[in-house]
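**Student:** Handing over work.cif, mmCIF, C-alpha atoms and all ligand atoms.
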data_coords
loop_
_atom_site.label_atom_id
_atom_site.label_comp_id
_atom_site.auth_asym_id
_atom_site.auth_seq_id
_atom_site.Cartn_x
_atom_site.Cartn_y
_atom_site.Cartn_z
CA MET A 11 -19.04 -16.45 -3.79
CA GLY A 12 -20.06 -17.22 -7.37
CA GLU A 13 -19.55 -13.71 -8.84
CA LYS A 14 -17.30 -13.05 -11.75
CA TYR A 15 -14.48 -10.61 -11.41
CA GLU A 16 -12.54 -8.82 -14.13
CA VAL A 17 -9.09 -9.91 -13.03
CA LEU A 18 -9.35 -11.95 -9.83
CA GLY A 19 -10.06 -15.66 -9.87
CA GLU A 20 -12.39 -17.24 -7.32
CA GLU A 21 -9.45 -18.54 -5.33
CA GLU A 22 -7.80 -15.11 -5.22
CA ALA A 23 -11.06 -13.50 -4.11
CA ARG A 24 -11.37 -16.09 -1.34
CA GLN A 25 -7.76 -15.55 -0.29
CA PHE A 26 -8.38 -11.80 0.00
CA VAL A 27 -11.44 -12.33 2.20
CA GLU A 28 -9.69 -14.87 4.41
CA ARG A 29 -6.11 -13.58 4.47
CA GLY A 30 -6.38 -9.93 3.49
CA PHE A 31 -4.08 -9.87 0.48
CA VAL A 32 -3.64 -10.88 -3.12
CA ARG A 33 -0.74 -10.44 -5.53
CA VAL A 34 -1.53 -9.52 -9.13
CA GLU A 35 1.39 -10.21 -11.43
CA GLY A 36 2.56 -8.26 -14.46
CA CYS A 37 0.58 -5.02 -14.09
CA PHE A 38 3.20 -3.06 -16.08
CA GLY A 39 6.30 -3.92 -18.07
CA ARG A 40 9.82 -4.44 -16.82
CA ASP A 41 11.07 -1.90 -19.38
CA VAL A 42 8.80 0.75 -17.85
CA ALA A 43 10.02 -0.14 -14.36
CA GLU A 44 13.63 0.12 -15.49
CA ARG A 45 13.09 3.60 -16.95
CA ALA A 46 11.44 4.67 -13.73
CA MET A 47 14.46 3.42 -11.79
CA GLU A 48 16.87 5.43 -13.96
CA GLU A 49 14.93 8.58 -13.07
CA MET A 50 14.91 7.58 -9.42
CA TRP A 51 18.70 7.25 -9.20
CA SER A 52 19.14 10.71 -10.77
CA ARG A 53 16.79 12.18 -8.20
CA LEU A 54 18.59 10.50 -5.32
CA GLY A 55 22.02 11.53 -6.58
CA TYR A 56 23.30 7.99 -5.89
CA ASP A 57 25.20 5.73 -8.30
CA PRO A 58 23.28 2.45 -8.65
CA ALA A 59 26.56 0.66 -9.37
CA ASP A 60 28.38 2.03 -6.33
CA PRO A 61 26.83 1.16 -2.94
CA SER A 62 29.33 3.44 -1.20
CA THR A 63 27.22 6.38 -2.50
CA TRP A 64 24.03 5.04 -0.83
CA THR A 65 24.12 7.21 2.27
CA GLU A 66 20.56 6.58 3.45
CA LYS A 67 19.37 2.99 3.67
CA ARG A 68 15.67 3.74 3.61
CA ILE A 69 14.18 6.66 1.71
CA HIS A 70 10.53 7.57 1.21
CA MET A 71 10.79 10.01 -1.69
CA PRO A 72 8.29 12.78 -2.39
CA SER A 73 5.96 12.51 -5.39
CA LEU A 74 7.06 14.65 -8.33
CA ASN A 75 4.80 13.12 -10.98
CA ARG A 76 1.42 11.42 -10.86
CA PHE A 77 -0.18 9.27 -13.54
CA GLN A 78 -3.57 7.62 -13.83
CA VAL A 79 -3.58 3.94 -12.97
CA LYS A 80 -6.33 3.25 -15.47
CA ASP A 81 -3.96 4.25 -18.32
CA PHE A 82 -0.67 3.13 -16.84
CA ALA A 83 -1.67 -0.28 -15.44
CA PRO A 84 -5.20 -1.25 -16.56
CA LYS A 85 -4.93 -4.70 -14.98
CA ALA A 86 -4.19 -3.15 -11.57
CA TRP A 87 -7.09 -0.75 -12.01
CA ALA A 88 -9.45 -3.62 -12.79
CA ALA A 89 -8.19 -5.68 -9.84
CA ALA A 90 -8.73 -2.74 -7.49
CA CYS A 91 -12.28 -2.34 -8.80
CA ASP A 92 -12.87 -6.06 -8.22
CA LEU A 93 -11.83 -5.63 -4.58
CA VAL A 94 -13.73 -2.48 -3.66
CA GLY A 95 -16.93 -3.56 -5.39
CA GLY A 96 -16.84 -1.78 -8.74
CA GLU A 97 -15.44 1.19 -10.58
CA GLU A 98 -18.25 3.49 -9.40
CA ARG A 99 -17.10 3.09 -5.78
CA VAL A 100 -13.58 4.38 -6.52
CA LYS A 101 -12.81 8.05 -6.10
CA ARG A 102 -11.41 9.02 -9.48
CA PRO A 103 -8.96 9.62 -10.90
CA TRP A 104 -6.83 7.10 -9.03
CA PHE A 105 -3.23 8.19 -9.35
CA TRP A 106 0.02 6.39 -8.77
CA SER A 107 3.15 8.47 -8.35
CA ASP A 108 6.92 8.36 -8.27
CA GLY A 109 7.03 8.74 -4.47
CA PHE A 110 9.35 5.74 -4.29
CA ILE A 111 10.03 3.86 -1.06
CA VAL A 112 13.58 2.62 -1.34
CA ASN A 113 15.25 -0.07 0.76
CA LEU A 114 19.00 -0.19 0.07
CA GLY A 115 20.02 -2.25 3.06
CA VAL A 116 17.80 -1.80 6.11
CA ARG A 117 19.47 -3.58 9.06
CA ALA A 118 21.80 -5.41 6.66
CA ASP A 119 24.34 -5.70 9.49
CA GLN A 120 22.02 -7.85 11.60
CA ALA A 121 21.22 -11.56 11.37
CA TRP A 122 18.03 -12.37 9.49
CA GLN A 123 14.91 -12.45 11.64
CA PRO A 124 11.86 -13.95 9.94
CA PRO A 125 8.64 -11.95 10.29
CA SER A 126 7.00 -12.20 13.70
CA ALA A 127 5.11 -10.01 16.14
CA ALA A 128 8.55 -8.99 17.44
CA SER A 129 9.70 -7.51 14.10
CA PRO A 130 10.19 -3.74 14.33
CA GLY A 131 8.08 -1.19 12.45
CA TRP A 132 4.58 -2.67 12.33
CA HIS A 133 2.01 -0.04 11.41
CA LYS A 134 -1.32 0.58 9.77
CA ASP A 135 -1.26 2.92 6.78
CA GLY A 136 -3.29 6.12 6.63
CA ASP A 137 -1.39 8.76 8.58
CA PHE A 138 -3.69 11.48 7.19
CA PHE A 139 -7.13 10.80 8.70
CA ARG A 140 -9.11 9.70 11.77
CA HIS A 141 -9.83 5.99 11.32
CA PHE A 142 -13.29 4.48 11.59
CA LEU A 143 -14.46 0.97 10.76
CA ASP A 144 -16.02 2.30 7.54
CA SER A 145 -13.40 4.94 6.59
CA PRO A 146 -13.36 5.76 2.86
CA GLU A 147 -9.97 7.54 2.79
CA GLN A 148 -7.95 4.35 2.42
CA GLY A 149 -10.12 1.82 0.63
CA LEU A 150 -7.21 -0.45 -0.17
CA LEU A 151 -3.53 -0.59 0.61
CA THR A 152 -1.38 -1.31 -2.42
CA LEU A 153 2.28 -2.20 -2.81
CA VAL A 154 3.51 -1.54 -6.34
CA LEU A 155 6.79 -3.36 -7.05
CA TRP A 156 9.21 -1.31 -9.20
CA THR A 157 12.08 -3.79 -8.76
CA ASP A 158 12.18 -7.52 -8.14
CA VAL A 159 11.70 -8.10 -4.42
CA LEU A 160 13.52 -11.18 -3.17
CA HIS A 161 13.53 -13.22 0.04
CA GLN A 162 15.72 -11.35 2.55
CA GLY A 163 15.94 -8.50 0.04
CA GLY A 164 13.93 -5.79 1.80
CA ALA A 165 10.38 -6.94 1.14
CA THR A 166 7.42 -5.74 3.14
CA PHE A 167 6.35 -7.99 6.02
CA VAL A 168 2.58 -8.45 6.13
CA ALA A 169 0.55 -9.59 9.17
CA SER A 170 -2.16 -11.12 7.04
CA ASP A 171 -4.42 -12.01 9.97
CA SER A 172 -4.45 -8.46 11.37
CA VAL A 173 -7.76 -7.54 9.72
CA GLY A 174 -9.68 -9.15 12.63
CA PRO A 175 -7.81 -7.44 15.49
CA VAL A 176 -7.89 -4.03 13.75
CA ALA A 177 -11.59 -4.39 12.89
CA ARG A 178 -12.41 -5.27 16.52
CA ALA A 179 -10.46 -2.25 17.78
CA LEU A 180 -12.44 -0.01 15.41
CA VAL A 181 -15.76 -1.56 16.48
CA GLU A 182 -14.79 -0.82 20.08
CA HIS A 183 -13.97 2.81 19.17
CA PRO A 184 -16.95 4.16 17.24
CA GLY A 185 -15.54 7.65 17.80
CA GLY A 186 -12.54 6.63 15.70
CA LEU A 187 -8.81 6.40 16.33
CA LEU A 188 -6.12 8.84 15.27
CA PRO A 189 -3.18 7.15 13.51
CA SER A 190 -1.10 7.42 16.71
CA GLU A 191 -3.86 5.93 18.87
CA PHE A 192 -3.70 2.34 17.59
CA ASP A 193 -2.04 0.00 20.08
CA VAL A 194 -0.11 -1.69 17.28
CA PRO A 195 2.08 -3.96 19.48
CA ALA A 196 -1.05 -5.38 21.14
CA LEU A 197 -2.78 -5.83 17.79
CA VAL A 198 0.14 -7.57 16.12
CA ALA A 199 0.58 -9.80 19.18
CA GLU A 200 -2.74 -11.40 18.15
CA CYS A 201 -1.35 -12.30 14.71
CA HIS A 202 0.26 -15.54 13.54
CA ASP A 203 0.12 -15.50 9.75
CA PHE A 204 3.13 -13.47 8.59
CA VAL A 205 4.03 -13.13 4.92
CA GLU A 206 7.10 -11.70 3.20
CA ALA A 207 5.70 -9.82 0.18
CA THR A 208 8.21 -10.87 -2.49
CA GLY A 209 7.65 -10.65 -6.25
CA HIS A 210 8.74 -9.20 -9.55
CA ALA A 211 8.93 -5.70 -11.00
CA GLY A 212 5.45 -4.93 -12.30
CA ASP A 213 3.58 -6.98 -9.68
CA VAL A 214 1.11 -5.30 -7.34
CA TYR A 215 0.06 -6.49 -3.90
CA PHE A 216 -3.45 -5.46 -2.91
CA LEU A 217 -3.90 -5.53 0.83
CA HIS A 218 -6.91 -4.96 3.01
CA PRO A 219 -6.65 -1.43 4.44
CA PHE A 220 -6.56 -2.94 7.97
CA VAL A 221 -3.47 -5.06 7.29
CA LEU A 222 -0.52 -4.25 9.54
CA HIS A 223 2.82 -4.36 7.78
CA ALA A 224 6.48 -3.42 8.27
CA THR A 225 9.66 -2.81 6.27
CA ALA A 226 11.87 -5.90 6.27
CA GLN A 227 15.65 -6.19 6.48
CA ASN A 228 17.54 -6.11 3.21
CA LEU A 229 20.44 -8.47 3.69
CA LEU A 230 21.03 -8.82 -0.06
CA ARG A 231 21.63 -5.07 -0.39
CA ARG A 232 20.05 -5.27 -3.81
CA PRO A 233 17.99 -2.11 -4.28
CA ARG A 234 14.32 -2.72 -3.46
CA VAL A 235 11.81 -0.10 -4.64
CA ILE A 236 8.03 0.05 -4.13
CA THR A 237 5.29 2.65 -3.92
CA ASN A 238 2.24 2.40 -1.64
CA PRO A 239 -0.56 4.47 -3.20
CA PRO A 240 -3.84 4.42 -1.27
CA ILE A 241 -7.12 4.23 -3.14
CA SER A 242 -10.04 6.31 -1.84
CA LEU A 243 -13.69 5.40 -1.93
CA VAL A 244 -16.53 7.67 -2.98
CA GLU A 245 -18.62 6.62 0.03
CA PRO A 246 -17.75 5.06 3.39
CA MET A 247 -17.83 1.27 3.47
CA CYS A 248 -21.11 -0.35 4.40
CA PHE A 249 -21.47 -3.63 6.25
CA ASP A 250 -25.24 -3.98 6.09
CA ARG A 251 -26.08 -3.51 2.45
CA GLU A 252 -29.65 -4.38 1.58
CA ARG A 253 -28.40 -6.88 -0.96
CA PRO A 254 -25.58 -8.74 0.80
CA GLU A 255 -24.06 -9.81 -2.53
CA GLU A 256 -23.22 -6.13 -3.03
CA HIS A 257 -20.73 -6.15 -0.16
CA SER A 258 -17.28 -5.62 -1.63
CA LEU A 259 -14.51 -8.13 -0.96
CA VAL A 260 -12.97 -5.57 1.42
CA GLU A 261 -16.26 -5.33 3.37
CA ARG A 262 -16.67 -9.11 3.31
CA ALA A 263 -13.23 -9.56 4.81
CA VAL A 264 -14.29 -7.40 7.78
CA LEU A 265 -17.56 -9.31 8.24
CA HIS A 266 -15.74 -12.62 7.89
CA GLN A 267 -13.16 -11.70 10.54
CA LEU A 268 -15.82 -10.38 12.91
CA GLY A 269 -17.91 -13.53 12.37
CA ARG A 270 -20.92 -11.44 11.31
CA GLU A 271 -23.38 -11.69 8.42
CA ARG A 272 -23.94 -7.95 8.58
CA LEU A 273 -23.17 -5.10 10.89
CA SER A 274 -24.57 -1.62 11.14
CA PHE A 275 -21.87 0.94 11.89
CA VAL A 276 -22.37 4.64 12.48
CA PRO A 277 -19.35 6.81 13.32
CA ALA A 278 -19.76 8.59 16.64
CA ALA A 279 -17.47 11.52 15.79
CA PRO A 280 -16.85 13.65 12.70
CA ARG A 281 -14.45 12.45 10.04
CA GLU A 282 -11.23 14.40 10.30
CA ASN A 283 -8.03 14.92 8.32
CA VAL A 284 -4.64 14.88 10.02
CA VAL A 285 -1.51 16.52 8.58
CA PRO A 286 1.31 14.01 8.96
CA GLU A 287 4.89 15.03 9.79
CA ARG A 288 5.91 13.14 6.65
CA VAL A 289 4.54 15.98 4.48
CA ALA A 290 6.97 18.59 5.78
CA ARG A 291 9.89 16.14 5.55
CA GLN A 292 9.05 15.24 1.95
CA GLU A 293 8.68 18.90 0.98
CA GLU A 294 12.26 19.44 2.08
CA MET A 295 13.44 16.36 0.14
CA ARG A 296 11.64 17.59 -2.95
CA ARG A 297 13.61 20.87 -2.84
CA GLY A 298 16.86 18.88 -2.59
CA GLU A 299 15.94 16.68 -5.55
CA GLU A 300 14.95 19.62 -7.69
CA ALA A 301 18.23 21.37 -6.93
CA ARG A 302 20.17 18.22 -7.89
CA LEU A 303 18.25 17.70 -11.09
CA GLY A 304 18.42 21.30 -12.24
CA GLN A 305 17.82 21.46 -15.98
CA ARG A 306 17.03 17.78 -16.28
CA PHE A 307 13.95 18.24 -14.11
CA ALA A 308 11.76 19.03 -17.11
CA ALA A 309 12.57 15.67 -18.72
CA LEU A 310 11.30 13.58 -15.83
CA GLY A 311 8.15 11.55 -15.71
CA SER A 312 8.90 10.03 -19.10
CA PHE A 313 8.59 6.45 -17.82
CA ALA A 314 4.85 6.93 -17.40
CA GLY A 315 4.53 7.72 -21.10
CA GLY A 316 3.99 11.42 -20.59
CA ARG A 317 0.68 10.92 -18.81
CA THR A 318 1.76 13.02 -15.91
CA SER A 319 0.09 15.84 -14.16
CA GLY A 320 0.01 17.83 -10.95
O1 LIG A 401 9.18 -0.20 2.95
C1 LIG A 401 8.27 -1.03 3.03
O2 LIG A 401 8.43 -2.21 2.70
C2 LIG A 401 6.94 -0.64 3.58
C3 LIG A 401 6.70 0.83 3.53
C4 LIG A 401 5.45 1.23 4.23
O3 LIG A 401 4.71 0.43 4.69
C5 LIG A 401 5.11 2.66 4.37
O4 LIG A 401 5.92 3.52 4.01
O5 LIG A 401 3.99 2.96 4.83
FE FE A 402 2.88 1.29 5.34
#
Show the structure stored in the file as structure tokens.
Ligand SMILES: O=C(O)CCC(=O)C(=O)O
Ligand SMILES: [Fe+2]

**Tutor:**
Amino acid sequence: MGEKYEVLGEEEARQFVERGFVRVEGCFGRDVAERAMEEMWSRLGYDPADPSTWTEKRIHMPSLNRFQVKDFAPKAWAAACDLVGGEERVKRPWFWSDGFIVNLGVRADQAWQPPSAASPGWHKDGDFFRHFLDSPEQGLLTLVLWTDVLHQGGATFVASDSVGPVARALVEHPGGLLPSEFDVPALVAECHDFVEATGHAGDVYFLHPFVLHATAQNLLRRPRVITNPPISLVEPMCFDRERPEEHSLVERAVLHQLGRERLSFVPAAPRENVVPERVARQEEMRRGEEARLGQRFAALGSFAGGRTSG
């Protein structure tokens, strides 16, 4: 590979191409993460010190504030650009948000099951569009860690060798697949390389957009908080660039898994947005949070240094 990247080392670039993920440590400070968590607990109306108040074990909160990654976590921004083939390919601005995904004890009452094809909840992200091999809507999948994420503490399970099976399914369906049309159990049955995405507050996992993943059990019952902001591309991916060295690492991973030097792909149906059920559910949660916060609402978003909008 020979190129130089801003943040990624050669070995990390190779790991992304071969195994579909890389973890970039220390993208923002622990102090910032801790302030964000204080705001989160106020929004939830739970007492962090009193697990008896944690009614729901898994919560995907709505986004109240957004902030530009380039300002908030420049190292994460640079790593994302390394992976998608340069800043000019990213649809800007790229925002992160406070739409926290909280695991306070998912299946804590059950014995630990290491990740396998039999784990519940495997899915591909991108519930908002028709998926093609070259789809630009989700150029990368990211897991931003707002708390430490420990072994058996509610990490995300990653099927790191799912890029190949998903890519083959998309080659076989040039007309695209709606989010509900992926045969996920069959796809994950082809996988063998399962990873528990543990790390520290401030770390970011960058995953290939075709990586299947699932929420893990949290036996420790120590609060685990992440966000999973997608990054969108300006143009669809391209697997037969005139100059092959211009293939991004994300495109190379697809070619590598398909065993191809290049591949010409033309979608056989129009690109299409889908409105996920999640949107209506989160709108209702947002109203609940705003009612709970009342006056304090105006003070939120401070953890991102005031760079909030929308
Ligand atoms: O909770 C997790 O670890 C994963 C969440 C996730 O994949 C999702 O919400 O799409
Ligand atoms: Fe997901």

**Student:** What gap, in Å, lies between atom CA of Val176 of chain A and atom CA of His70 of chain A?

**Tutor:** 25.1 Å

**Student:** Taking all atoms listed in the file into account, which of A:His223, A:Arg40, A:Arg262, A:Arg231 comes nearest ligand FE 402 (chain A)?

**Tutor:**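 Of A:His223, A:Arg40, A:Arg262, A:Arg231, the one nearest ligand FE 402 (chain A), counting all atoms listed in the file, is A:His223.
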
**Student:** Of the candidates A:Trp87, A:Phe138, A:Phe220, A:Tyr215, which one gets nearest to Val198 of chain A if we count all atoms listed in the file?

**Tutor:**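 Result for the nearest residue to Val198 of chain A: A:Phe220.
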
**Student:** Considering only C-alpha atoms, return as an mmCIF file with C-alpha atoms, keeping the file's coordinate frame whatever protein or nucleic-acid residues lie within 9 Å of Phe105 of chain A, sequence-local ones (same chain, fewer than 3 positions apart) excluded.

**Tutor:**
data_model
loop_
_atom_site.group_PDB
_atom_site.id
_atom_site.type_symbol
_atom_site.label_atom_id
_atom_site.label_comp_id
_atom_site.auth_asym_id
_atom_site.auth_seq_id
_atom_site.Cartn_x
_atom_site.Cartn_y
_atom_site.Cartn_z
ATOM 1 C CA ARG A 76 1.420 11.420 -10.860
ATOM 2 C CA PHE A 77 -0.180 9.270 -13.540
ATOM 3 C CA GLN A 78 -3.570 7.620 -13.830
ATOM 4 C CA VAL A 79 -3.580 3.940 -12.970
ATOM 5 C CA LYS A 80 -6.330 3.250 -15.470
ATOM 6 C CA ARG A 102 -11.410 9.020 -9.480
ATOM 7 C CA PRO A 239 -0.560 4.470 -3.200
ATOM 8 C CA PRO A 240 -3.840 4.420 -1.270
ATOM 9 C CA ILE A 241 -7.120 4.230 -3.140
#

**Student:** Which residue out of A:Gly115, A:Gly185, A:Gly304, A:Pro254 has the minimum interatomic distance to ligand LIG 401 (chain A) when all atoms listed in the file are used?

**Tutor:**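 Closest residue, counting all atoms listed in the file: A:Gly115.
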
**Student:** Find the residues near ligand FE 402 (chain A). Use a cut-off of 10 Å, count all atoms listed in the file, and write them as a PyMOL selection string.

**Tutor:** chain A and resi 111+131-137+151-153+166-168+219+221-225+237-240

**Student:** Take the selection from the previous step and output its residues with C-alpha atoms, as a compact mmCIF listing (two decimals), in the coordinates of the input.

**Tutor:**
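Writing the result to again26.txt gives the following:
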# COMPACT_ATOMS: atom_id res chain seq x y z
CA ILE A 111 10.03 3.86 -1.06
CA GLY A 131 8.08 -1.19 12.45
CA TRP A 132 4.58 -2.67 12.33
CA HIS A 133 2.01 -0.04 11.41
CA LYS A 134 -1.32 0.58 9.77
CA ASP A 135 -1.26 2.92 6.78
CA GLY A 136 -3.29 6.12 6.63
CA ASP A 137 -1.39 8.76 8.58
CA LEU A 151 -3.53 -0.59 0.61
CA THR A 152 -1.38 -1.31 -2.42
CA LEU A 153 2.28 -2.20 -2.81
CA THR A 166 7.42 -5.74 3.14
CA PHE A 167 6.35 -7.99 6.02
CA VAL A 168 2.58 -8.45 6.13
CA PRO A 219 -6.65 -1.43 4.44
CA VAL A 221 -3.47 -5.06 7.29
CA LEU A 222 -0.52 -4.25 9.54
CA HIS A 223 2.82 -4.36 7.78
CA ALA A 224 6.48 -3.42 8.27
CA THR A 225 9.66 -2.81 6.27
CA THR A 237 5.29 2.65 -3.92
CA ASN A 238 2.24 2.40 -1.64
CA PRO A 239 -0.56 4.47 -3.20
CA PRO A 240 -3.84 4.42 -1.27

**Student:** Set the distance at 8 Å and use all atoms listed in the file: which residues neighbour Ile236 of chain A once local chain neighbours fewer than 6 positions away are removed? I'd like the list as a list in words.

**Tutor:**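 The residues that qualify are Phe110, Ile111, Val112, Leu153, Val154, Leu155, Trp156 and Thr157 of chain A.
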
**Student:** May I ask for the distance between atom CA of Ser107 of chain A and atom CA of Pro130 of chain A, given in Å to one decimal place?

**Tutor:** 26.7 Å

**Student:** Mind filling out segment 218-229 of chain A with N, CA, C and O atoms and sending it as a compact mmCIF listing (two decimals), in the coordinates of the input?

**Tutor:**
# COMPACT_ATOMS: atom_id res chain seq x y z
N HIS A 218 -5.79 -5.57 2.29
CA HIS A 218 -6.91 -4.96 3.01
C HIS A 218 -6.40 -3.74 3.75
O HIS A 218 -5.29 -3.77 4.30
N PRO A 219 -7.18 -2.64 3.79
CA PRO A 219 -6.65 -1.43 4.44
C PRO A 219 -6.33 -1.64 5.93
O PRO A 219 -5.60 -0.82 6.51
N PHE A 220 -6.84 -2.70 6.55
CA PHE A 220 -6.56 -2.94 7.97
C PHE A 220 -5.32 -3.82 8.18
O PHE A 220 -5.02 -4.19 9.32
N VAL A 221 -4.62 -4.15 7.12
CA VAL A 221 -3.47 -5.06 7.29
C VAL A 221 -2.25 -4.31 7.84
O VAL A 221 -1.79 -3.32 7.26
N LEU A 222 -1.75 -4.80 8.96
CA LEU A 222 -0.52 -4.25 9.54
C LEU A 222 0.66 -4.79 8.75
O LEU A 222 0.64 -5.95 8.30
N HIS A 223 1.68 -3.95 8.59
CA HIS A 223 2.82 -4.36 7.78
C HIS A 223 4.05 -3.59 8.25
O HIS A 223 3.94 -2.62 9.03
N ALA A 224 5.23 -4.01 7.79
CA ALA A 224 6.48 -3.42 8.27
C ALA A 224 7.56 -3.60 7.20
O ALA A 224 7.54 -4.56 6.43
N THR A 225 8.50 -2.68 7.17
CA THR A 225 9.66 -2.81 6.27
C THR A 225 10.57 -3.92 6.78
O THR A 225 10.91 -3.95 7.96
N ALA A 226 10.99 -4.79 5.87
CA ALA A 226 11.87 -5.90 6.27
C ALA A 226 13.35 -5.53 6.08
O ALA A 226 13.68 -4.56 5.41
N GLN A 227 14.21 -6.34 6.66
CA GLN A 227 15.65 -6.19 6.48
C GLN A 227 16.01 -6.47 5.01
O GLN A 227 15.37 -7.31 4.37
N ASN A 228 17.03 -5.81 4.55
CA ASN A 228 17.54 -6.11 3.21
C ASN A 228 18.98 -6.59 3.32
O ASN A 228 19.92 -5.82 3.24
N LEU A 229 19.10 -7.90 3.52
CA LEU A 229 20.44 -8.47 3.69
C LEU A 229 21.17 -8.58 2.36
O LEU A 229 22.39 -8.59 2.31
